[in-house]
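What follows is the content of protein_39.cif (mmCIF, C-alpha atoms and all ligand atoms).
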```cif
data_target
#
loop_
_atom_site.label_atom_id
_atom_site.label_comp_id
_atom_site.auth_asym_id
_atom_site.auth_seq_id
_atom_site.Cartn_x
_atom_site.Cartn_y
_atom_site.Cartn_z
CA MET H 30 25.12 -82.69 98.28
CA ASN H 31 27.98 -81.69 100.56
CA VAL H 32 28.98 -78.23 99.39
CA LEU H 33 32.08 -76.28 100.35
CA VAL H 34 31.16 -72.61 100.12
CA ALA H 35 34.46 -70.76 99.71
CA GLY H 36 33.79 -67.16 100.75
CA GLY H 37 30.65 -68.35 102.56
CA ALA H 38 30.95 -65.62 105.22
CA GLY H 39 30.58 -62.93 102.55
CA TYR H 40 27.46 -61.33 101.13
CA ILE H 41 26.47 -63.66 98.27
CA GLY H 42 28.16 -66.74 99.79
CA SER H 43 26.22 -66.47 103.06
CA HIS H 44 22.88 -66.13 101.28
CA THR H 45 23.76 -69.20 99.19
CA VAL H 46 24.66 -71.16 102.34
CA LYS H 47 21.19 -70.34 103.67
CA ARG H 48 19.41 -71.47 100.49
CA LEU H 49 21.54 -74.64 100.29
CA LYS H 50 20.55 -75.56 103.83
CA GLU H 51 16.88 -74.78 103.19
CA SER H 52 16.92 -77.04 100.13
CA GLY H 53 18.32 -80.02 102.03
CA HIS H 54 22.02 -79.80 101.13
CA ASN H 55 24.95 -79.71 103.59
CA PRO H 56 26.92 -76.49 103.19
CA VAL H 57 30.27 -75.93 104.91
CA ILE H 58 31.60 -72.37 105.07
CA TYR H 59 35.30 -71.94 104.26
CA ASP H 60 36.46 -68.34 104.70
CA ASN H 61 39.42 -66.48 106.16
CA GLY H 62 37.07 -63.89 107.68
CA GLU H 63 39.01 -61.02 106.12
CA ARG H 64 36.04 -59.46 104.30
CA GLY H 65 33.17 -61.54 105.62
CA HIS H 66 31.32 -62.00 108.89
CA LYS H 67 31.92 -64.94 111.20
CA ALA H 68 28.51 -64.25 112.75
CA VAL H 69 26.78 -65.82 109.75
CA ALA H 70 27.92 -69.33 110.74
CA GLU H 71 26.14 -68.95 114.10
CA ILE H 72 23.06 -67.34 112.55
CA LEU H 73 22.75 -70.15 109.99
CA LYS H 74 23.97 -72.92 112.33
CA VAL H 75 26.33 -74.46 109.79
CA PRO H 76 29.90 -75.76 110.16
CA ALA H 77 32.63 -73.28 109.29
CA VAL H 78 36.37 -73.50 108.76
CA TRP H 79 38.13 -70.17 109.31
CA ALA H 80 41.22 -70.45 107.13
CA ASP H 81 42.74 -69.04 103.98
CA LEU H 82 42.13 -70.90 100.72
CA ASN H 83 45.89 -70.82 100.13
CA ASP H 84 46.34 -73.02 103.20
CA ARG H 85 46.40 -76.16 101.05
CA ALA H 86 46.71 -78.62 103.94
CA THR H 87 43.63 -77.24 105.73
CA LEU H 88 41.64 -76.95 102.51
CA THR H 89 42.42 -80.52 101.38
CA LYS H 90 41.64 -81.88 104.86
CA THR H 91 38.32 -79.98 104.90
CA LEU H 92 37.36 -81.34 101.47
CA ARG H 93 38.09 -84.88 102.69
CA ASP H 94 36.66 -84.61 106.22
CA HIS H 95 33.32 -83.24 105.00
CA LYS H 96 33.22 -85.56 101.94
CA ILE H 97 32.67 -82.52 99.74
CA ASP H 98 30.92 -83.13 96.40
CA VAL H 99 31.05 -79.61 94.99
CA VAL H 100 32.96 -76.38 95.63
CA MET H 101 31.20 -73.05 95.15
CA HIS H 102 33.93 -70.43 94.89
CA PHE H 103 32.73 -66.97 95.95
CA ALA H 104 35.98 -65.92 97.64
CA ALA H 105 37.70 -63.01 95.92
CA TYR H 106 38.48 -59.35 96.25
CA ALA H 107 35.76 -57.43 94.45
CA TYR H 108 36.41 -53.67 94.40
CA VAL H 109 37.11 -52.31 90.92
CA GLY H 110 38.89 -49.17 92.22
CA GLU H 111 41.06 -51.13 94.66
CA SER H 112 42.01 -53.51 91.83
CA VAL H 113 43.36 -50.56 89.81
CA GLU H 114 45.48 -49.48 92.79
CA LYS H 115 46.61 -52.98 93.81
CA PRO H 116 46.55 -55.20 90.71
CA LEU H 117 49.03 -57.77 92.05
CA MET H 118 46.92 -58.28 95.17
CA TYR H 119 43.90 -58.93 92.93
CA TYR H 120 45.65 -61.32 90.55
CA GLN H 121 47.13 -63.11 93.57
CA ASN H 122 43.86 -63.58 95.42
CA ASN H 123 41.46 -63.95 92.52
CA VAL H 124 43.59 -65.93 90.07
CA ALA H 125 46.44 -67.65 91.95
CA THR H 126 44.20 -68.61 94.88
CA THR H 127 41.68 -70.15 92.49
CA ILE H 128 44.45 -72.30 90.96
CA SER H 129 45.38 -73.41 94.46
CA VAL H 130 41.74 -74.35 95.14
CA LEU H 131 41.60 -76.40 91.92
CA GLU H 132 44.82 -78.21 92.93
CA ALA H 133 43.46 -79.01 96.39
CA MET H 134 40.24 -80.31 94.78
CA ALA H 135 42.30 -82.61 92.54
CA ASP H 136 44.19 -83.89 95.62
CA ALA H 137 40.90 -84.64 97.36
CA ASN H 138 39.21 -86.01 94.23
CA VAL H 139 36.49 -83.33 94.10
CA ASN H 140 35.43 -82.58 90.52
CA ARG H 141 32.52 -80.15 90.65
CA PHE H 142 33.14 -76.40 90.70
CA VAL H 143 30.84 -73.37 90.53
CA PHE H 144 32.66 -70.09 89.98
CA SER H 145 31.53 -66.50 90.71
CA SER H 146 32.23 -64.55 87.56
CA THR H 147 30.90 -61.11 86.73
CA CYS H 148 29.43 -58.94 84.00
CA ALA H 149 32.67 -56.93 84.39
CA VAL H 150 34.22 -59.46 81.94
CA TYR H 151 32.36 -57.58 79.17
CA GLY H 152 33.76 -54.13 80.02
CA ASP H 153 31.82 -51.55 78.01
CA PRO H 154 29.74 -53.78 75.69
CA ASP H 155 28.88 -53.00 72.07
CA LYS H 156 25.32 -54.35 72.42
CA ILE H 157 22.77 -54.43 75.20
CA PRO H 158 21.08 -56.51 76.50
CA ILE H 159 24.36 -58.40 76.84
CA THR H 160 24.55 -61.96 75.58
CA GLU H 161 27.33 -64.37 76.51
CA GLU H 162 28.75 -63.98 72.98
CA GLU H 163 29.56 -60.30 73.61
CA LYS H 164 33.30 -59.57 73.33
CA LYS H 165 35.26 -60.00 76.56
CA ALA H 166 37.03 -56.70 77.14
CA PRO H 167 37.25 -56.08 80.89
CA VAL H 168 38.43 -52.58 81.78
CA SER H 169 39.88 -53.24 85.25
CA PRO H 170 42.28 -55.72 86.88
CA TYR H 171 39.23 -57.03 88.80
CA GLY H 172 37.31 -57.82 85.59
CA ARG H 173 40.45 -59.22 83.97
CA SER H 174 41.13 -61.47 86.98
CA LYS H 175 37.66 -63.04 86.56
CA TRP H 176 38.08 -63.46 82.80
CA MET H 177 41.50 -65.08 83.37
CA VAL H 178 39.93 -67.61 85.71
CA GLU H 179 37.21 -68.40 83.19
CA GLN H 180 39.91 -69.14 80.59
CA ILE H 181 41.87 -71.26 83.07
CA LEU H 182 38.71 -73.25 83.81
CA GLN H 183 38.13 -73.84 80.09
CA ASP H 184 41.66 -75.16 79.65
CA TYR H 185 41.46 -77.28 82.78
CA GLY H 186 38.12 -78.73 81.67
CA VAL H 187 39.71 -79.82 78.40
CA ALA H 188 42.70 -81.42 80.15
CA ASN H 189 40.77 -83.07 82.98
CA LYS H 190 37.81 -85.06 81.65
CA GLN H 191 36.35 -85.57 85.14
CA PHE H 192 36.16 -81.84 85.86
CA LYS H 193 32.76 -80.17 85.64
CA PHE H 194 32.25 -76.46 86.10
CA ALA H 195 29.96 -73.48 85.84
CA ALA H 196 31.06 -69.85 85.52
CA LEU H 197 28.17 -67.56 86.42
CA ARG H 198 28.44 -63.93 85.38
CA TYR H 199 26.46 -61.93 87.89
CA PHE H 200 25.11 -58.48 87.24
CA ASN H 201 24.49 -56.22 90.30
CA ALA H 202 23.88 -58.42 93.33
CA SER H 203 21.36 -56.72 95.61
CA GLY H 204 18.73 -57.26 98.30
CA CYS H 205 18.86 -59.35 101.45
CA ALA H 206 17.33 -62.56 102.82
CA MET H 207 13.54 -62.15 102.86
CA ASP H 208 13.29 -63.21 106.52
CA GLY H 209 15.72 -60.49 107.61
CA THR H 210 18.34 -62.91 109.00
CA LEU H 211 21.20 -61.97 106.66
CA GLY H 212 22.26 -58.72 105.08
CA GLU H 213 24.78 -56.83 103.04
CA ASP H 214 27.68 -55.39 105.05
CA HIS H 215 30.79 -54.45 103.08
CA ASP H 216 33.47 -52.09 104.38
CA PRO H 217 33.72 -49.81 102.51
CA GLU H 218 30.27 -50.15 100.98
CA THR H 219 30.14 -49.32 97.29
CA HIS H 220 26.86 -50.90 96.18
CA LEU H 221 24.15 -48.39 95.32
CA ILE H 222 21.27 -49.63 97.48
CA PRO H 223 23.12 -49.88 100.85
CA VAL H 224 24.91 -46.61 100.04
CA ILE H 225 21.50 -44.95 99.56
CA PHE H 226 20.46 -46.27 102.99
CA GLN H 227 23.68 -44.97 104.57
CA ALA H 228 22.91 -41.53 103.12
CA ILE H 229 19.34 -41.69 104.46
CA ALA H 230 20.66 -42.70 107.89
CA GLY H 231 23.16 -39.83 107.93
CA GLN H 232 26.13 -42.24 107.93
CA ARG H 233 27.44 -40.31 104.91
CA PRO H 234 26.57 -36.71 104.07
CA ALA H 235 24.96 -37.57 100.72
CA LEU H 236 24.74 -40.10 97.96
CA HIS H 237 27.27 -39.18 95.28
CA LEU H 238 25.59 -39.55 91.90
CA PHE H 239 28.42 -39.96 89.39
CA GLY H 240 27.37 -38.66 85.97
CA THR H 241 24.01 -37.13 85.09
CA ASP H 242 24.65 -36.53 81.39
CA TYR H 243 24.79 -40.10 80.08
CA PRO H 244 22.73 -40.88 76.95
CA THR H 245 20.04 -42.66 79.00
CA LYS H 246 16.40 -41.74 79.78
CA ASP H 247 17.32 -39.59 82.78
CA GLY H 248 21.06 -39.08 82.24
CA THR H 249 22.22 -41.63 84.85
CA ASN H 250 23.81 -45.09 84.50
CA VAL H 251 21.59 -48.12 83.99
CA ARG H 252 22.24 -51.45 85.75
CA ASP H 253 20.60 -54.86 86.17
CA TYR H 254 19.81 -55.52 89.87
CA ILE H 255 19.59 -59.22 90.67
CA HIS H 256 18.35 -60.37 94.08
CA VAL H 257 20.91 -62.32 96.07
CA ASP H 258 18.41 -65.15 96.73
CA ASP H 259 17.88 -65.49 92.98
CA LEU H 260 21.65 -65.73 92.56
CA ALA H 261 21.76 -68.41 95.26
CA ASP H 262 19.02 -70.43 93.54
CA ALA H 263 20.89 -70.23 90.23
CA HIS H 264 23.98 -71.72 91.94
CA ILE H 265 21.96 -74.63 93.26
CA ALA H 266 20.46 -75.23 89.80
CA ALA H 267 23.95 -75.06 88.26
CA MET H 268 25.51 -77.49 90.73
CA GLN H 269 22.82 -80.04 89.91
CA ARG H 270 23.36 -79.78 86.17
CA LEU H 271 27.16 -79.96 85.95
CA THR H 272 28.31 -82.21 83.12
CA PRO H 273 31.88 -83.15 82.08
CA GLY H 274 32.97 -81.43 78.87
CA LYS H 275 29.94 -79.10 78.89
CA PRO H 276 30.67 -76.08 81.04
CA ILE H 277 27.73 -73.93 82.09
CA ILE H 278 28.68 -70.35 81.29
CA CYS H 279 25.93 -67.82 81.60
CA ASN H 280 24.77 -64.41 82.69
CA LEU H 281 22.76 -64.08 85.88
CA GLY H 282 20.58 -61.00 85.61
CA THR H 283 16.92 -60.09 85.37
CA GLY H 284 17.16 -58.69 81.83
CA ASN H 285 15.84 -55.32 83.03
CA GLY H 286 17.89 -52.18 83.40
CA PHE H 287 17.12 -49.47 85.96
CA SER H 288 18.83 -46.11 86.15
CA ASN H 289 20.42 -44.71 89.30
CA ARG H 290 17.64 -42.14 89.53
CA GLN H 291 15.00 -44.86 89.23
CA ILE H 292 16.64 -46.79 92.09
CA ILE H 293 16.79 -43.63 94.21
CA ALA H 294 13.08 -42.96 93.55
CA ALA H 295 12.18 -46.58 94.42
CA ALA H 296 14.23 -46.33 97.65
CA GLU H 297 12.41 -43.13 98.62
CA LYS H 298 9.08 -44.87 98.05
CA VAL H 299 10.05 -47.96 100.09
CA THR H 300 11.63 -46.08 103.00
CA GLY H 301 9.36 -43.03 102.97
CA LYS H 302 12.52 -40.89 103.31
CA LYS H 303 14.27 -38.39 101.07
CA VAL H 304 17.70 -39.45 99.78
CA PRO H 305 20.25 -36.62 100.03
CA VAL H 306 21.97 -36.58 96.62
CA GLU H 307 25.10 -34.76 95.49
CA GLU H 308 25.63 -34.76 91.73
CA LYS H 309 29.23 -35.44 90.63
CA PRO H 310 31.00 -35.74 87.28
CA ARG H 311 31.16 -39.10 85.49
CA ARG H 312 33.63 -41.62 86.93
CA PRO H 313 36.18 -43.01 84.46
CA GLY H 314 35.44 -46.63 83.53
CA ASP H 315 31.69 -46.60 84.32
CA ALA H 316 29.80 -48.18 81.42
CA ILE H 317 26.66 -46.30 80.32
CA ALA H 318 24.26 -49.22 80.61
CA LEU H 319 24.72 -52.87 81.57
CA TYR H 320 21.92 -55.38 81.60
CA ALA H 321 21.74 -59.03 80.77
CA ASN H 322 20.06 -61.08 78.16
CA PRO H 323 19.08 -63.87 80.58
CA ALA H 324 17.95 -66.40 77.92
CA ARG H 325 20.90 -68.75 78.26
CA ALA H 326 20.46 -69.12 82.02
CA ARG H 327 16.82 -70.01 81.42
CA GLU H 328 17.81 -72.62 78.87
CA LEU H 329 20.77 -74.16 80.74
CA LEU H 330 19.58 -73.86 84.33
CA GLY H 331 15.79 -73.76 84.02
CA TRP H 332 16.17 -70.64 86.16
CA GLU H 333 14.95 -67.11 85.99
CA ALA H 334 14.94 -64.27 88.49
CA LYS H 335 11.84 -64.14 90.69
CA HIS H 336 12.50 -60.59 91.93
CA LYS H 337 12.18 -58.36 88.90
CA ASP H 338 10.85 -55.27 90.57
CA PRO H 339 13.47 -53.03 92.21
CA GLU H 340 11.01 -52.07 94.96
CA SER H 341 10.80 -55.65 96.22
CA ILE H 342 14.61 -55.94 96.16
CA ILE H 343 14.98 -52.62 97.99
CA ARG H 344 12.30 -53.60 100.53
CA SER H 345 14.24 -56.78 101.45
CA ALA H 346 17.44 -54.75 101.84
CA TRP H 347 15.70 -52.05 103.92
CA ASN H 348 14.14 -54.72 106.11
CA TRP H 349 17.68 -55.69 107.15
CA PHE H 350 19.36 -52.28 107.12
CA SER H 351 16.67 -50.55 109.19
CA ARG H 352 17.19 -53.19 111.92
CA HIS H 353 20.99 -53.42 111.51
CA PRO H 354 22.18 -49.92 110.58
CA ASN H 355 25.70 -50.87 111.66
CA GLY H 356 25.71 -54.22 109.87
CA TYR H 357 26.79 -57.36 111.72
CA GLU H 358 28.70 -55.18 114.24
CA ASP H 359 31.67 -57.56 114.21
N1 LIG W 1 28.47 -58.33 94.80
C1 LIG W 1 28.29 -58.23 93.48
O1 LIG W 1 27.48 -57.44 92.98
C2 LIG W 1 29.05 -59.15 92.56
C3 LIG W 1 28.84 -59.05 91.18
C4 LIG W 1 29.54 -59.92 90.34
C5 LIG W 1 30.42 -60.85 90.86
N2 LIG W 1 30.62 -60.90 92.21
C6 LIG W 1 31.55 -61.92 92.75
O2 LIG W 1 30.85 -62.70 93.70
C7 LIG W 1 31.72 -63.13 94.74
C8 LIG W 1 31.13 -62.79 96.08
O3 LIG W 1 30.91 -61.37 96.17
P1 LIG W 1 30.49 -60.71 97.56
O4 LIG W 1 29.90 -59.38 97.26
O5 LIG W 1 29.72 -61.71 98.35
O6 LIG W 1 31.93 -60.52 98.23
P2 LIG W 1 32.33 -60.48 99.78
O7 LIG W 1 33.58 -59.68 99.88
O8 LIG W 1 31.15 -60.09 100.61
O9 LIG W 1 32.67 -62.00 100.10
C9 LIG W 1 33.89 -62.62 99.74
C10 LIG W 1 34.30 -63.53 100.88
O10 LIG W 1 35.48 -64.25 100.49
C11 LIG W 1 36.39 -64.29 101.58
N3 LIG W 1 37.75 -64.46 101.06
C12 LIG W 1 38.38 -63.65 100.16
N4 LIG W 1 39.60 -64.14 99.89
C13 LIG W 1 39.75 -65.29 100.62
C14 LIG W 1 40.80 -66.24 100.75
N5 LIG W 1 41.97 -66.12 100.11
N6 LIG W 1 40.60 -67.29 101.59
C15 LIG W 1 39.43 -67.45 102.26
N7 LIG W 1 38.41 -66.56 102.17
C16 LIG W 1 38.57 -65.49 101.35
C17 LIG W 1 36.15 -62.96 102.31
O11 LIG W 1 36.57 -62.99 103.67
C18 LIG W 1 34.64 -62.77 102.16
O12 LIG W 1 33.93 -63.36 103.24
C19 LIG W 1 33.06 -62.48 94.44
O13 LIG W 1 33.87 -63.45 93.78
C20 LIG W 1 32.72 -61.34 93.50
O14 LIG W 1 33.79 -61.04 92.65
C21 LIG W 1 29.97 -60.08 93.06
#
```

Can the structure from this file be put into structure tokens for me?
Amino acid sequence: MNVLVAGGAGYIGSHTVKRLKESGHNPVIYDNGERGHKAVAEILKVPAVWADLNDRATLTKTLRDHKIDVVMHFAAYAYVGESVEKPLMYYQNNVATTISVLEAMADANVNRFVFSSTCAVYGDPDKIPITEEEKKAPVSPYGRSKWMVEQILQDYGVANKQFKFAALRYFNASGCAMDGTLGEDHDPETHLIPVIFQAIAGQRPALHLFGTDYPTKDGTNVRDYIHVDDLADAHIAAMQRLTPGKPIICNLGTGNGFSNRQIIAAAEKVTGKKVPVEEKPRRPGDAIALYANPARARELLGWEAKHKDPESIIRSAWNWFSRHPNGYED
């Protein structure tokens, strides 16, 4: 299929572009370059359009010129803390921009859509592992922006019988391409594994460990780390199973939770280096434990995570970071 990857210069989008190409599809990157890396288009040797998704004329022309069959929409702002400080910017880019993308798709007669949602739609869940039926109670403008889009997609799917969509709720995206060609390079970096590496490399004085008195095995938060290649494969499975009137809405996680201290210990084992840690008080808004019940993804997509062991995820990330300590350097 011809796939427009909106946000394809970003972390998860770029890895999905790679997997799409490897599985015989024709990905086209569409990204404004604001928070991604233009270098990935050269590394992956795929066409790219460097424009904002709100540029309707360019987006519609791109959809038509490349005879796009499906849009995968990764483009968004994705920092919880920033969303609290700048809610309008988040609702603008994550919600209004998505509406604009859906309108451009209608103009160009493109009916298949795969949306990047998040486990943040659940907020602080009542039950773990989290099933899709858990209440939706996001605790930040970021999480709310994703839940709003999911509701918009539901309404649009009812009104437009041709429209087919998936909303995939990722847990903690992690790891890097196994061949070391692509990596994770956010600025600022907030994800635990690359932050651990930055602390090891002396790029920050220490890893700040927020909260050591949670009611978990070792007092630290528990999260579900899902390898970025597994996420990419789930998107490809979803795009091939889209059906009108039957949205695919599911969690993408491994089903296993690992604490911050367990991830630190695994990183020390993989890298052979000590992680400098500074213990800090709990951060407001951090849920105690978040991990998925992945059963629905297995049922709807015939997919399950291949990387279930944090050491293998961390090894793939270290493989890239140790060779690219300053990221893409762009
Ligand atoms: N990383 C995670 O752990 C995680 C977890 C759950 C959900 N998600 C969601 O997955 C998606 C991808 O996350 P990521 O970590 O790869 O983010 P990222 O910031 O690395 O990539 C997002 C890309 O979208 C582009 N972009 C943003 N707004 C744009 C616009 N208006 N026009 C054109 N391009 C635009 C950016 O330049 C960037 O390249 C996001 O929607 C995020 O909310 C991520």

Please define a box with edges along x, y and z of the file around all atoms of ligand LIG 1 (chain W) given in the file, extend it by 5 Å on each side, and return its centre and edge lengths in Å to one decimal, as lines of an AutoDock Vina configuration file.
```
center_x = 34.7
center_y = -62.4
center_z = 97.0
size_x = 24.5
size_y = 20.0
size_z = 23.3
```

Which residues are near ligand LIG 1 (chain W) in this structure, taking near to mean any atom at most 7 Å from a ligand atom and counting all atoms listed in the file? Format them as a PyMOL selection string. chain H and resi 35-42+59-66+80-83+103-107+122+126+145-148+198-203+215

Could you tell me which of H:Gly209, H:Asn31, H:Ser129, H:Leu92 comes closest to Val75 of chain H if we count all atoms listed in the file?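 With all atoms listed in the file as the atom set, the closest residue is H:Asn31.
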
Choose the residue, out of H:Ile222, H:Leu197, H:Gly286, H:Tyr243, that has the smallest atom-to-atom separation from Asp262 of chain H; count all atoms listed in the file. H:Leu197

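Closest approach to Lys337 of chain H among H:Asp208, H:Asp84, H:Asp155, H:Asp259: H:Asp259, based on all atoms listed in the file.
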
So which one's closest to Pro76 of chain H, H:Ala166, H:Lys90, H:Arg352, H:Val34? Using only C-alpha atoms, please.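 Looking at the shortest contact to Pro76 of chain H, the residue is H:Val34.
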
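Computed from the coordinates, the atom CA of Ala321 of chain H to atom CA of Thr272 of chain H distance equals 24.2 Å.
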
Would you fill the gaps in segment 156-165 of chain H so it has all heavy atoms, then print it as an mmCIF file, in the frame of the given file?
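Result file is selection31.cif:
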```cif
data_model
loop_
_atom_site.group_PDB
_atom_site.id
_atom_site.type_symbol
_atom_site.label_atom_id
_atom_site.label_comp_id
_atom_site.auth_asym_id
_atom_site.auth_seq_id
_atom_site.Cartn_x
_atom_site.Cartn_y
_atom_site.Cartn_z
ATOM 1 N N LYS H 156 26.774 -54.162 72.549
ATOM 2 C CA LYS H 156 25.320 -54.350 72.420
ATOM 3 C C LYS H 156 24.703 -54.659 73.765
ATOM 4 O O LYS H 156 25.253 -55.448 74.545
ATOM 5 C CB LYS H 156 25.049 -55.553 71.495
ATOM 6 C CG LYS H 156 25.118 -55.207 70.043
ATOM 7 C CD LYS H 156 24.472 -56.328 69.209
ATOM 8 C CE LYS H 156 25.371 -56.725 68.053
ATOM 9 N NZ LYS H 156 25.619 -58.139 67.923
ATOM 10 N N ILE H 157 23.549 -54.058 74.027
ATOM 11 C CA ILE H 157 22.770 -54.430 75.200
ATOM 12 C C ILE H 157 21.347 -54.760 74.748
ATOM 13 O O ILE H 157 20.879 -54.168 73.769
ATOM 14 C CB ILE H 157 22.754 -53.313 76.289
ATOM 15 C CG1 ILE H 157 22.574 -51.940 75.638
ATOM 16 C CG2 ILE H 157 23.946 -53.380 77.176
ATOM 17 C CD1 ILE H 157 22.396 -50.840 76.638
ATOM 18 N N PRO H 158 20.625 -55.658 75.416
ATOM 19 C CA PRO H 158 21.080 -56.510 76.500
ATOM 20 C C PRO H 158 22.272 -57.385 76.096
ATOM 21 O O PRO H 158 22.424 -57.746 74.923
ATOM 22 C CB PRO H 158 19.858 -57.371 76.830
ATOM 23 C CG PRO H 158 18.873 -57.164 75.741
ATOM 24 C CD PRO H 158 19.228 -55.932 75.021
ATOM 25 N N ILE H 159 23.098 -57.715 77.088
ATOM 26 C CA ILE H 159 24.360 -58.400 76.840
ATOM 27 C C ILE H 159 24.134 -59.906 76.758
ATOM 28 O O ILE H 159 23.561 -60.498 77.675
ATOM 29 C CB ILE H 159 25.359 -58.093 77.980
ATOM 30 C CG1 ILE H 159 25.559 -56.584 78.135
ATOM 31 C CG2 ILE H 159 26.682 -58.794 77.743
ATOM 32 C CD1 ILE H 159 26.357 -56.199 79.372
ATOM 33 N N THR H 160 24.581 -60.497 75.664
ATOM 34 C CA THR H 160 24.550 -61.960 75.580
ATOM 35 C C THR H 160 25.947 -62.469 75.924
ATOM 36 O O THR H 160 26.921 -61.705 75.938
ATOM 37 C CB THR H 160 24.197 -62.462 74.161
ATOM 38 O OG1 THR H 160 25.281 -62.093 73.294
ATOM 39 C CG2 THR H 160 22.900 -61.862 73.651
ATOM 40 N N GLU H 161 26.041 -63.767 76.142
ATOM 41 C CA GLU H 161 27.330 -64.370 76.510
ATOM 42 C C GLU H 161 28.334 -64.288 75.367
ATOM 43 O O GLU H 161 29.538 -64.429 75.582
ATOM 44 C CB GLU H 161 27.132 -65.838 76.934
ATOM 45 C CG GLU H 161 26.425 -66.010 78.269
ATOM 46 C CD GLU H 161 24.916 -65.805 78.219
ATOM 47 O OE1 GLU H 161 24.363 -65.535 77.129
ATOM 48 O OE2 GLU H 161 24.282 -65.906 79.292
ATOM 49 N N GLU H 162 27.840 -64.071 74.135
ATOM 50 C CA GLU H 162 28.750 -63.980 72.980
ATOM 51 C C GLU H 162 29.412 -62.607 72.884
ATOM 52 O O GLU H 162 30.330 -62.419 72.091
ATOM 53 C CB GLU H 162 28.009 -64.243 71.662
ATOM 54 C CG GLU H 162 27.811 -65.712 71.351
ATOM 55 C CD GLU H 162 26.768 -66.341 72.254
ATOM 56 O OE1 GLU H 162 25.741 -65.680 72.518
ATOM 57 O OE2 GLU H 162 27.001 -67.471 72.709
ATOM 58 N N GLU H 163 28.952 -61.642 73.650
ATOM 59 C CA GLU H 163 29.560 -60.300 73.610
ATOM 60 C C GLU H 163 31.076 -60.425 73.797
ATOM 61 O O GLU H 163 31.556 -61.331 74.493
ATOM 62 C CB GLU H 163 28.938 -59.452 74.740
ATOM 63 C CG GLU H 163 29.500 -58.059 74.906
ATOM 64 C CD GLU H 163 29.269 -57.150 73.692
ATOM 65 O OE1 GLU H 163 28.166 -57.152 73.138
ATOM 66 O OE2 GLU H 163 30.223 -56.443 73.304
ATOM 67 N N LYS H 164 31.838 -59.514 73.187
ATOM 68 C CA LYS H 164 33.300 -59.570 73.330
ATOM 69 C C LYS H 164 33.691 -59.441 74.811
ATOM 70 O O LYS H 164 32.992 -58.777 75.580
ATOM 71 C CB LYS H 164 33.967 -58.481 72.494
ATOM 72 C CG LYS H 164 33.677 -57.085 73.012
ATOM 73 C CD LYS H 164 34.421 -56.030 72.227
ATOM 74 C CE LYS H 164 34.311 -54.642 72.818
ATOM 75 N NZ LYS H 164 33.084 -54.202 73.459
ATOM 76 N N LYS H 165 34.781 -60.092 75.173
ATOM 77 C CA LYS H 165 35.260 -60.000 76.560
ATOM 78 C C LYS H 165 36.367 -58.958 76.583
ATOM 79 O O LYS H 165 37.453 -59.190 76.050
ATOM 80 C CB LYS H 165 35.795 -61.340 77.076
ATOM 81 C CG LYS H 165 34.902 -62.550 76.796
ATOM 82 C CD LYS H 165 33.483 -62.392 77.284
ATOM 83 C CE LYS H 165 32.599 -63.549 76.895
ATOM 84 N NZ LYS H 165 32.345 -63.717 75.452
#
```
